file work-v1.tsv (TSV, C-alpha atoms)
chain	number	residue	atom	x	y	z
A	1	MET	CA	-11.36	-5.42	-30.70
A	2	ASP	CA	-11.82	-1.72	-30.05
A	3	THR	CA	-12.86	-1.34	-26.44
A	4	SER	CA	-13.08	2.44	-26.54
A	5	ILE	CA	-16.76	2.31	-27.56
A	6	GLY	CA	-17.63	0.88	-24.18
A	7	LEU	CA	-18.05	-2.82	-24.76
A	8	SER	CA	-16.89	-3.51	-21.22
A	9	GLU	CA	-17.04	-6.92	-19.65
A	10	ALA	CA	-16.24	-5.54	-16.21
A	11	SER	CA	-18.78	-6.49	-13.59
A	12	ALA	CA	-19.51	-4.62	-10.37
A	13	SER	CA	-17.22	-6.99	-8.50
A	14	ASP	CA	-14.24	-5.75	-10.55
A	15	TYR	CA	-14.88	-2.27	-9.18
A	16	VAL	CA	-15.06	-3.71	-5.68
A	17	VAL	CA	-11.62	-5.28	-6.25
A	18	LEU	CA	-10.29	-1.80	-7.11
A	19	LEU	CA	-11.21	-0.71	-3.57
A	20	LYS	CA	-8.85	-3.34	-2.03
A	21	PRO	CA	-11.53	-4.74	0.30
A	22	ARG	CA	-9.04	-6.56	2.55
A	23	VAL	CA	-7.04	-3.42	3.24
A	24	MET	CA	-10.33	-1.58	3.67
A	25	SER	CA	-11.52	-4.01	6.34
A	26	LEU	CA	-8.41	-3.29	8.46
A	27	VAL	CA	-8.92	0.44	7.92
A	28	VAL	CA	-12.56	0.23	9.02
A	29	PHE	CA	-11.59	-1.79	12.07
A	30	THR	CA	-8.78	0.54	13.26
A	31	ALA	CA	-10.82	3.67	12.49
A	32	LEU	CA	-13.70	2.26	14.53
A	33	VAL	CA	-11.37	1.61	17.47
A	34	GLY	CA	-10.06	5.20	17.26
A	35	LEU	CA	-13.60	6.53	17.10
A	36	LEU	CA	-14.82	4.51	20.09
A	37	ALA	CA	-11.67	5.07	22.18
A	38	ALA	CA	-12.01	8.85	21.92
A	39	PRO	CA	-13.52	10.69	24.87
A	40	GLY	CA	-16.78	12.45	24.20
A	41	HIS	CA	-19.93	11.66	22.31
A	42	ILE	CA	-20.86	11.33	18.66
A	43	ASN	CA	-24.31	10.66	17.24
A	44	PRO	CA	-24.30	6.95	16.24
A	45	VAL	CA	-25.72	7.75	12.78
A	46	LEU	CA	-22.94	10.26	12.18
A	47	ALA	CA	-20.41	7.73	13.52
A	48	GLY	CA	-21.67	5.24	10.93
A	49	ILE	CA	-21.37	7.84	8.17
A	50	ALA	CA	-17.86	8.70	9.39
A	51	ILE	CA	-16.71	5.07	9.22
A	52	LEU	CA	-18.29	4.68	5.77
A	53	CYS	CA	-16.52	7.81	4.51
A	54	ILE	CA	-13.17	6.60	5.86
A	55	ALA	CA	-13.77	3.19	4.22
A	56	VAL	CA	-14.66	4.74	0.85
A	57	GLY	CA	-11.70	7.13	1.09
A	58	ALA	CA	-9.39	4.16	1.75
A	59	GLY	CA	-10.96	2.34	-1.21
A	60	ALA	CA	-10.46	5.38	-3.41
A	61	SER	CA	-6.75	5.50	-2.56
A	62	GLY	CA	-6.55	1.78	-3.39
A	63	ALA	CA	-8.08	2.49	-6.81
A	64	LEU	CA	-5.66	5.38	-7.43
A	65	ASN	CA	-2.81	3.05	-6.47
A	66	MET	CA	-3.99	0.48	-9.03
A	67	TRP	CA	-4.36	3.19	-11.67
A	68	TYR	CA	-0.76	4.33	-11.24
A	69	ASP	CA	0.81	0.91	-10.65
A	70	ALA	CA	-0.91	-1.02	-13.47
A	71	ASP	CA	2.45	-1.51	-15.22
A	72	ILE	CA	4.19	-3.16	-12.25
A	73	ASP	CA	1.05	-5.00	-11.13
A	74	ALA	CA	1.13	-6.81	-14.49
A	75	MET	CA	4.63	-8.11	-13.70
A	76	MET	CA	3.95	-9.56	-10.25
A	77	LYS	CA	2.19	-12.88	-9.67
A	78	ARG	CA	0.25	-11.57	-6.67
A	79	THR	CA	-1.22	-8.60	-8.57
A	80	ALA	CA	-1.34	-9.70	-12.23
A	81	LYS	CA	-5.06	-10.58	-12.06
A	82	ARG	CA	-6.16	-7.11	-10.91
A	83	PRO	CA	-8.77	-5.49	-13.18
A	84	ILE	CA	-6.41	-3.21	-15.15
A	85	PRO	CA	-3.59	-5.69	-15.91
A	86	ALA	CA	-6.25	-8.31	-16.66
A	87	GLY	CA	-7.73	-5.90	-19.24
A	88	ARG	CA	-11.23	-5.66	-17.79
A	89	ILE	CA	-11.20	-1.95	-16.87
A	90	SER	CA	-9.23	0.83	-18.55
A	91	ARG	CA	-6.78	3.00	-16.60
A	92	GLU	CA	-8.76	6.18	-17.32
A	93	GLU	CA	-11.91	4.68	-15.84
A	94	VAL	CA	-10.05	3.68	-12.68
A	95	LEU	CA	-8.56	7.17	-12.32
A	96	THR	CA	-12.02	8.75	-12.61
A	97	PHE	CA	-13.46	6.19	-10.21
A	98	GLY	CA	-10.73	6.87	-7.64
A	99	LEU	CA	-10.91	10.66	-7.86
A	100	LEU	CA	-14.70	10.67	-7.70
A	101	LEU	CA	-14.82	8.47	-4.61
A	102	SER	CA	-12.05	10.53	-2.98
A	103	ALA	CA	-14.00	13.75	-3.49
A	104	PHE	CA	-17.31	12.28	-2.31
A	105	SER	CA	-15.83	10.66	0.82
A	106	VAL	CA	-13.89	13.77	1.90
A	107	VAL	CA	-16.75	16.22	1.24
A	108	THR	CA	-19.34	13.99	2.93
A	109	LEU	CA	-17.13	13.56	6.00
A	110	GLY	CA	-16.51	17.31	6.15
A	111	LEU	CA	-20.20	18.20	5.86
A	112	PHE	CA	-21.56	15.64	8.30
A	113	VAL	CA	-18.77	15.21	10.85
A	114	ASN	CA	-16.08	17.88	10.98
A	115	VAL	CA	-13.57	19.63	8.76
A	116	LEU	CA	-10.48	18.37	10.64
A	117	SER	CA	-11.31	14.71	10.05
A	118	ALA	CA	-12.11	15.47	6.39
A	119	LEU	CA	-8.72	17.16	5.98
A	120	LEU	CA	-7.00	14.19	7.63
A	121	LEU	CA	-8.81	11.82	5.26
A	122	ALA	CA	-7.84	13.94	2.24
A	123	PHE	CA	-4.24	13.98	3.43
A	124	THR	CA	-4.28	10.20	3.91
A	125	ILE	CA	-5.50	9.64	0.34
A	126	PHE	CA	-2.90	12.11	-0.96
A	127	PHE	CA	-0.17	10.45	1.08
A	128	TYR	CA	-0.99	6.95	-0.16
A	129	ALA	CA	-1.64	7.83	-3.80
A	130	VAL	CA	1.00	10.51	-4.37
A	131	VAL	CA	3.71	10.31	-1.68
A	132	TYR	CA	3.79	6.50	-1.44
A	133	THR	CA	2.58	5.19	-4.81
A	134	MET	CA	3.96	7.79	-7.20
A	135	TRP	CA	7.09	8.84	-5.39
A	136	LEU	CA	8.52	6.54	-2.70
A	137	LYS	CA	7.49	3.06	-3.84
A	138	ARG	CA	9.75	3.01	-6.88
A	139	SER	CA	12.58	5.14	-5.53
A	140	THR	CA	13.68	4.11	-2.03
A	141	PRO	CA	13.83	1.01	0.18
A	142	GLN	CA	12.32	3.21	2.91
A	143	ASN	CA	9.12	3.21	0.77
A	144	ILE	CA	6.94	1.20	3.14
A	145	VAL	CA	8.44	2.81	6.25
A	146	ILE	CA	7.28	6.30	5.27
A	147	GLY	CA	4.33	5.08	3.20
A	148	GLY	CA	3.12	3.17	6.24
A	149	ALA	CA	1.90	6.49	7.61
A	150	ALA	CA	-1.04	6.28	5.19
A	151	GLY	CA	-2.23	3.06	6.81
A	152	SER	CA	-1.68	4.51	10.29
A	153	PHE	CA	-3.99	7.50	9.92
A	154	PRO	CA	-7.43	5.76	10.18
A	155	PRO	CA	-7.57	5.51	14.02
A	156	MET	CA	-6.44	9.14	14.18
A	157	ILE	CA	-9.25	10.14	11.80
A	158	GLY	CA	-11.75	8.14	13.87
A	159	TRP	CA	-10.52	9.94	17.01
A	160	ALA	CA	-10.75	13.34	15.30
A	161	CYS	CA	-14.35	12.57	14.23
A	162	VAL	CA	-15.36	12.63	17.91
A	163	THR	CA	-12.98	15.14	19.50
A	164	ASN	CA	-12.27	17.44	16.54
A	165	SER	CA	-8.63	17.33	17.60
A	166	VAL	CA	-5.36	15.42	17.26
A	167	SER	CA	-4.06	14.45	20.69
A	168	MET	CA	-1.24	12.39	22.17
A	169	GLU	CA	-3.56	9.38	22.48
A	170	SER	CA	-4.40	9.37	18.80
A	171	ILE	CA	-0.72	9.84	17.94
A	172	VAL	CA	0.05	6.68	19.96
A	173	LEU	CA	-2.65	4.76	18.05
A	174	PHE	CA	-1.00	6.07	14.88
A	175	MET	CA	2.51	5.08	16.02
A	176	ILE	CA	1.50	1.48	16.80
A	177	ILE	CA	0.49	0.86	13.16
A	178	PHE	CA	3.33	3.01	11.81
A	179	LEU	CA	6.03	1.02	13.63
A	180	TRP	CA	4.29	-2.28	12.89
A	181	THR	CA	4.24	-1.76	9.10
A	182	PRO	CA	7.97	-2.18	8.30
A	183	PRO	CA	8.46	-5.56	10.06
A	184	HIS	CA	5.15	-6.75	8.59
A	185	PHE	CA	6.01	-5.91	4.98
A	186	TRP	CA	9.69	-6.78	5.19
A	187	ALA	CA	8.81	-10.26	6.49
A	188	LEU	CA	6.61	-10.61	3.38
A	189	SER	CA	9.32	-9.22	1.11
A	190	LEU	CA	11.86	-11.75	2.46
A	191	PHE	CA	9.92	-14.57	0.81
A	192	MET	CA	8.51	-12.56	-2.12
A	193	SER	CA	11.69	-10.71	-3.13
A	194	ASP	CA	11.80	-12.35	-6.59
A	195	ASP	CA	8.51	-10.70	-7.50
A	196	TYR	CA	9.68	-7.28	-6.34
A	197	GLU	CA	12.98	-7.78	-8.17
A	198	LYS	CA	11.10	-8.52	-11.40
A	199	ALA	CA	8.99	-5.37	-11.05
A	200	LYS	CA	12.12	-3.37	-10.08
A	201	ILE	CA	10.59	-2.17	-6.81
A	202	PRO	CA	13.41	-1.30	-4.39
A	203	MET	CA	12.27	-3.36	-1.40
A	204	MET	CA	14.71	-3.62	1.48
A	205	PRO	CA	15.93	-7.22	0.78
A	206	ASN	CA	16.71	-6.36	-2.86
A	207	VAL	CA	18.59	-3.18	-1.98
A	208	MET	CA	20.32	-3.75	1.36
A	209	GLY	CA	20.23	-7.55	1.31
A	210	PRO	CA	18.26	-10.01	3.46
A	211	ALA	CA	20.75	-9.91	6.36
A	212	SER	CA	20.27	-6.18	6.92
A	213	THR	CA	16.49	-6.53	6.42
A	214	LYS	CA	16.25	-9.24	9.07
A	215	PHE	CA	18.12	-7.07	11.57
A	216	GLN	CA	15.93	-4.05	10.83
A	217	ILE	CA	12.80	-6.18	11.26
A	218	PHE	CA	14.07	-7.10	14.72
A	219	LEU	CA	14.81	-3.45	15.61
A	220	TYR	CA	11.31	-2.33	14.62
A	221	THR	CA	9.65	-5.04	16.72
A	222	LEU	CA	11.74	-3.77	19.68
A	223	LEU	CA	10.14	-0.36	19.06
A	224	VAL	CA	6.55	-1.38	18.38
A	225	ALA	CA	6.24	-3.75	21.38
A	226	PRO	CA	6.69	-1.07	24.09
A	227	VAL	CA	4.78	1.60	22.13
A	228	ALA	CA	1.80	-0.76	21.94
A	229	VAL	CA	1.69	-0.85	25.75
A	230	LEU	CA	1.54	2.97	26.00
A	231	PRO	CA	-2.30	3.20	25.80
A	232	TRP	CA	-2.41	1.40	29.16
A	233	ILE	CA	0.38	3.51	30.70
A	234	MET	CA	-1.27	6.71	29.45
A	235	GLY	CA	-4.56	5.60	30.95
A	236	PHE	CA	-6.86	5.37	27.94
A	237	ALA	CA	-6.74	1.57	27.95
A	238	GLY	CA	-7.11	-0.79	30.90
A	239	PRO	CA	-4.92	-3.55	32.37
A	240	ALA	CA	-6.51	-6.27	30.19
A	241	TYR	CA	-5.26	-4.44	27.14
A	242	GLY	CA	-1.91	-3.59	28.73
A	243	LEU	CA	-1.07	-7.15	29.72
A	244	PHE	CA	-2.29	-8.57	26.41
A	245	ALA	CA	-0.29	-6.02	24.39
A	246	ALA	CA	2.82	-6.73	26.48
A	247	ALA	CA	2.49	-10.51	25.97
A	248	MET	CA	1.85	-10.13	22.24
A	249	GLY	CA	4.81	-7.75	22.02
A	250	VAL	CA	7.14	-10.30	23.61
A	251	ALA	CA	5.88	-12.96	21.18
A	252	PHE	CA	6.37	-10.58	18.23
A	253	ILE	CA	9.97	-9.94	19.32
A	254	VAL	CA	10.59	-13.69	19.67
A	255	TYR	CA	9.28	-14.31	16.12
A	256	ALA	CA	11.47	-11.47	14.82
A	257	TRP	CA	14.47	-12.79	16.76
A	258	ARG	CA	14.06	-16.18	15.01
A	259	VAL	CA	13.95	-14.44	11.63
A	260	TRP	CA	17.05	-12.43	12.46
A	261	ARG	CA	19.01	-15.48	13.69
A	262	ALA	CA	18.02	-17.69	10.74
A	263	PRO	CA	20.78	-17.94	8.12
A	264	VAL	CA	20.19	-16.08	4.85
A	265	GLY	CA	18.70	-18.32	2.17
A	266	LYS	CA	16.13	-21.10	2.25
A	267	ASP	CA	16.26	-21.45	6.04
A	268	MET	CA	14.94	-17.93	6.64
A	269	ILE	CA	11.76	-18.47	4.58
A	270	LYS	CA	9.90	-20.50	7.20
A	271	PRO	CA	10.50	-18.15	10.15
A	272	ALA	CA	9.72	-15.16	7.90
A	273	LYS	CA	6.39	-16.69	6.86
A	274	LYS	CA	5.55	-17.47	10.49
A	275	MET	CA	6.43	-13.94	11.53
A	276	PHE	CA	4.37	-12.45	8.72
A	277	ALA	CA	1.33	-14.49	9.78
A	278	PHE	CA	1.86	-13.52	13.41
A	279	SER	CA	2.24	-9.82	12.55
A	280	ILE	CA	-1.34	-9.75	11.25
A	281	LEU	CA	-2.60	-11.55	14.36
A	282	TYR	CA	-0.60	-9.13	16.51
A	283	LEU	CA	-2.07	-5.90	15.17
A	284	PHE	CA	-5.57	-7.32	14.84
A	285	GLY	CA	-5.34	-8.83	18.33
A	286	ILE	CA	-4.24	-5.74	20.24
A	287	TYR	CA	-6.77	-3.52	18.48
A	288	ALA	CA	-9.49	-6.12	19.09
A	289	VAL	CA	-8.72	-6.32	22.80
A	290	LEU	CA	-8.68	-2.52	22.99
A	291	LEU	CA	-12.08	-2.49	21.27
A	292	GLY	CA	-13.43	-5.20	23.58
A	293	GLU	CA	-12.30	-3.26	26.63
A	294	ILE	CA	-13.96	-0.08	25.39
A	295	LEU	CA	-17.23	-1.90	24.65
A	296	VAL	CA	-17.27	-3.54	28.09
A	297	ARG	CA	-16.62	-0.16	29.74
A	298	LYS	CA	-19.40	1.49	27.70
A	299	ALA	CA	-21.81	-1.34	28.54
A	300	LEU	CA	-21.01	-1.04	32.26
A	301	LEU	CA	-21.53	2.72	32.07
A	302	LEU	CA	-24.89	2.24	30.38
A	303	ALA	CA	-25.94	-0.29	33.03
A	304	GLY	CA	-24.93	2.19	35.71
A	305	LEU	CA	-22.41	-0.20	37.23
A	306	ILE	CA	-19.47	2.21	37.08
B	1	MET	CA	-27.27	-0.56	-42.35
B	2	SER	CA	-27.01	-3.34	-39.82
B	3	ASN	CA	-23.28	-2.67	-39.57
B	4	ASP	CA	-23.96	0.53	-37.64
B	5	ARG	CA	-25.44	-1.34	-34.74
B	6	VAL	CA	-23.41	-2.73	-31.91
B	7	THR	CA	-24.76	-5.93	-30.49
B	8	LEU	CA	-23.69	-6.81	-26.99
B	9	THR	CA	-22.63	-10.36	-26.31
B	10	ASP	CA	-24.30	-12.18	-23.45
B	11	LYS	CA	-21.25	-11.64	-21.26
B	12	GLN	CA	-21.25	-7.91	-21.97
B	13	LYS	CA	-24.98	-7.68	-21.26
B	14	LYS	CA	-24.55	-9.48	-17.97
B	15	ALA	CA	-21.65	-7.23	-16.98
B	16	GLN	CA	-23.57	-4.11	-17.95
B	17	ARG	CA	-26.54	-5.22	-15.88
B	18	SER	CA	-24.32	-5.89	-12.87
B	19	ARG	CA	-22.73	-2.43	-13.18
B	20	SER	CA	-26.10	-0.74	-13.55
B	21	ILE	CA	-27.50	-2.40	-10.45
B	22	ALA	CA	-24.41	-1.52	-8.40
B	23	LEU	CA	-24.56	2.10	-9.54
B	24	ALA	CA	-28.26	2.32	-8.69
B	25	LEU	CA	-27.62	0.88	-5.24
B	26	ALA	CA	-24.72	3.28	-4.64
B	27	LEU	CA	-26.83	6.28	-5.66
B	28	ALA	CA	-29.74	5.17	-3.50
B	29	ALA	CA	-27.38	4.65	-0.57
B	30	PHE	CA	-25.97	8.15	-1.01
B	31	VAL	CA	-29.46	9.68	-1.03
B	32	ILE	CA	-30.32	7.82	2.19
B	33	ILE	CA	-27.02	8.86	3.81
B	34	VAL	CA	-27.64	12.55	3.06
B	35	TYR	CA	-31.24	12.31	4.28
B	36	VAL	CA	-30.53	10.40	7.50
B	37	GLY	CA	-27.28	12.31	8.11
B	38	THR	CA	-29.07	15.65	7.86
B	39	TRP	CA	-31.63	14.54	10.45
B	40	ALA	CA	-28.88	13.27	12.74
B	41	LYS	CA	-26.86	16.45	12.45
B	42	LEU	CA	-29.62	19.05	12.59
B	43	GLY	CA	-32.41	17.14	14.33
B	44	ALA	CA	-35.48	19.22	14.97
B	45	ASN	CA	-33.52	22.36	14.09
B	46	ILE	CA	-34.14	21.42	10.48
B	47	LEU	CA	-37.64	22.90	10.91
B	48	ILE	CA	-36.34	26.28	12.06
B	49	ARG	CA	-36.07	28.39	8.95
B	50	PRO	CA	-35.96	32.10	9.60
B	51	MET	CA	-37.22	33.85	6.50
call {"tool": "encode", "arguments": {"input": "work-v1.tsv", "output": "structure tokens"}}
result
Amino acid sequence: MDTSIGLSEASASDYVVLLKPRVMSLVVFTALVGLLAAPGHINPVLAGIAILCIAVGAGASGALNMWYDADIDAMMKRTAKRPIPAGRISREEVLTFGLLLSAFSVVTLGLFVNVLSALLLAFTIFFYAVVYTMWLKRSTPQNIVIGGAAGSFPPMIGWACVTNSVSMESIVLFMIIFLWTPPHFWALSLFMSDDYEKAKIPMMPNVMGPASTKFQIFLYTLLVAPVAVLPWIMGFAGPAYGLFAAAMGVAFIVYAWRVWRAPVGKDMIKPAKKMFAFSILYLFGIYAVLLGEILVRKALLLAGLI
Amino acid sequence: MSNDRVTLTDKQKKAQRSRSIALALALAAFVIIVYVGTWAKLGANILIRPM
């Protein structure tokens, strides 16, 4: 059947899928933490608009990723049911959808909040869609290491929405996610490497082998654990956060140690799956505690107790 | 001349309706965002219009 005359069976929910809602929820969460952690004041309505713009911008980059990667998405189990490989939406429509949402989110953020945060959002979309998706993903096993920067920008954008600046504190919030990304994705790729092999994506286990990947996972957890404690040491997070981040960091290293020490083959799958599950809990947990601490401090300030 | 007409199947009609509603909601949301955002950003200054 000729679908070019517009006999689409795509429902609104297919367009929502294009926005990668699960990735978007993590983006919204970390951006919100960055926005609330920043010193200074922002009108709550404008803060809401800022978070919405960052969410839509993240969704737009997800759509652009699905537009470009439709060929490899069709080959992998995890992604074969996405709207383009499933044949419900055409690639051209997704490209238009992604570009339109990118433009609207960046311009709206620039007009209502500030130009710096709009530029950061534009750069994030560019970095994810062009630098990661088009260039690195298919060419180097360092793809997710460098590409991880795209996912690390949201708290920095949230911070810039309030302060109109990029400071050491927001760079630390960036670094926590940046250093967390490689062990998170490599743990996944240890038990999904067949899929990546089929789609010819050069993930670390396929290129350097699982033994090297497991060691690198361990090295990155050694980096991310102390960096995650920095907000406390630098004074923009309290002791509750500091102690929690330190404890979670030790646990993260222990999980990574078990992955590293497990022999290559079937025996490494279980510790890798456990570490992958914990990595999500880790990042979500430390950002949640940071958020909780900020909210408690703001509530105490409002009540005049501090 | 009935061949010139394209008849939508029930599934296509349902999908079209879902897309139309979503688009309407998105447009309405954008209008509200611009309206509320302008008030939040400019506040009472919005009334100051030197001619």
call {"tool": "closest_atom_pairs", "arguments": {"input": "work-v1.tsv", "of": "chain B", "to": "chain A", "cutoff": "10 Å", "atoms": "all atoms listed in the file", "output": "tab-separated table"}}
result
residue	atom	partner	partner_atom	distance
B:Val6	CA	A:Leu7	CA	8.9
B:Thr7	CA	A:Leu7	CA	9.4
B:Leu8	CA	A:Leu7	CA	7.3
B:Thr9	CA	A:Leu7	CA	9.0
B:Asp10	CA	A:Glu9	CA	9.7
B:Lys11	CA	A:Glu9	CA	6.5
B:Gln12	CA	A:Glu9	CA	4.9
B:Lys13	CA	A:Glu9	CA	8.1
B:Lys14	CA	A:Ser11	CA	7.8
B:Ala15	CA	A:Ser11	CA	4.5
B:Gln16	CA	A:Ser11	CA	6.9
B:Arg17	CA	A:Ser11	CA	8.2
B:Ser18	CA	A:Ala12	CA	5.6
B:Arg19	CA	A:Ala12	CA	4.8
B:Ser20	CA	A:Ala12	CA	8.3
B:Ile21	CA	A:Ala12	CA	8.3
B:Ala22	CA	A:Ala12	CA	6.1
B:Leu23	CA	A:Ala12	CA	8.4
B:Phe30	CA	A:Thr108	CA	9.7
B:Ile33	CA	A:Ile49	CA	7.2
B:Val34	CA	A:Thr108	CA	8.4
B:Val36	CA	A:Val45	CA	7.6
B:Gly37	CA	A:Leu46	CA	6.3
B:Thr38	CA	A:Phe112	CA	7.5
B:Trp39	CA	A:Val45	CA	9.3
B:Ala40	CA	A:Val45	CA	6.4
B:Lys41	CA	A:Phe112	CA	6.8
B:Leu42	CA	A:Phe112	CA	9.7
call {"tool": "atom_distance", "arguments": {"input": "work-v1.tsv", "atom1": "CA of Met208 (chain A)", "atom2": "CA of Lys273 (chain A)"}}
result
19.8 Å
call {"tool": "residues_around", "arguments": {"input": "work-v1.tsv", "residues": "Val224 (chain A)", "least_positions_apart": "2", "cutoff": "10 Å", "atoms": "all atoms listed in the file", "output": "list in words"}}
result
Met175, Ile176, Ile177, Phe178, Leu179, Trp180, Thr181, Pro183, Leu219, Tyr220, Thr221, Leu222, Pro226, Val227, Ala228, Val229, Gly249, Phe252 and Ile253 of chain A
call {"tool": "residues_around", "arguments": {"input": "work-v1.tsv", "residues": "region 189-195 of chain A", "least_positions_apart": "4", "cutoff": "9 Å", "atoms": "all atoms listed in the file", "output": "list in words"}}
result
Met75, Met76, Lys77, Arg78, His184, Phe185, Ala199, Lys200, Ile201, Met203, Met204, Pro205, Asn206, Pro210, Thr213, Lys214, Met268, Ile269, Lys270, Ala272 and Lys273 of chain A
call {"tool": "residues_around", "arguments": {"input": "work-v1.tsv", "residues": "Leu295 (chain A)", "least_positions_apart": "6", "cutoff": "12 Å", "atoms": "only C-alpha atoms", "output": "PyMOL selection string"}}
result
chain A and resi 32-33+35-37+237-238+288-289+301-302
call {"tool": "write_last_selection", "arguments": {"input": "work-v1.tsv", "atoms": "C-alpha atoms", "output": "PDB file, keeping the file's coordinate frame"}}
result
ATOM      1  CA  LEU A  32     -13.700   2.260  14.530  1.00  0.00           C
ATOM      2  CA  VAL A  33     -11.370   1.610  17.470  1.00  0.00           C
ATOM      3  CA  LEU A  35     -13.600   6.530  17.100  1.00  0.00           C
ATOM      4  CA  LEU A  36     -14.820   4.510  20.090  1.00  0.00           C
ATOM      5  CA  ALA A  37     -11.670   5.070  22.180  1.00  0.00           C
ATOM      6  CA  ALA A 237      -6.740   1.570  27.950  1.00  0.00           C
ATOM      7  CA  GLY A 238      -7.110  -0.790  30.900  1.00  0.00           C
ATOM      8  CA  ALA A 288      -9.490  -6.120  19.090  1.00  0.00           C
ATOM      9  CA  VAL A 289      -8.720  -6.320  22.800  1.00  0.00           C
ATOM     10  CA  LEU A 301     -21.530   2.720  32.070  1.00  0.00           C
ATOM     11  CA  LEU A 302     -24.890   2.240  30.380  1.00  0.00           C
TER      12      LEU A 302
END
call {"tool": "residues_around", "arguments": {"input": "work-v1.tsv", "residues": "Trp257 (chain A)", "least_positions_apart": "6", "cutoff": "9 Å", "atoms": "all atoms listed in the file", "output": "list in words"}}
result
Lys214, Phe215, Ile217 and Phe218 of chain A
call {"tool": "write_last_selection", "arguments": {"input": "work-v1.tsv", "atoms": "C-alpha atoms", "output": "short mmCIF file (atom, residue, chain, number, x, y, z; two decimals), keeping the file's coordinate frame"}}
result
data_model
loop_
_atom_site.label_atom_id
_atom_site.label_comp_id
_atom_site.auth_asym_id
_atom_site.auth_seq_id
_atom_site.Cartn_x
_atom_site.Cartn_y
_atom_site.Cartn_z
CA LYS A 214 16.25 -9.24 9.07
CA PHE A 215 18.12 -7.07 11.57
CA ILE A 217 12.80 -6.18 11.26
CA PHE A 218 14.07 -7.10 14.72
#
call {"tool": "atom_distance", "arguments": {"input": "work-v1.tsv", "atom1": "CA of Leu101 (chain A)", "atom2": "CA of Pro85 (chain A)"}}
result
21.3 Å
call {"tool": "residues_around", "arguments": {"input": "work-v1.tsv", "residues": "Gly98 (chain A)", "least_positions_apart": "5", "cutoff": "12 Å", "atoms": "all atoms listed in the file", "output": "PyMOL selection string"}}
result
chain A and resi 15-16+18-20+56-68+91-93+103-105+125-126+129
call {"tool": "atom_distance", "arguments": {"input": "work-v1.tsv", "atom1": "CA of Thr96 (chain A)", "atom2": "CA of Asp69 (chain A)"}}
result
15.2 Å
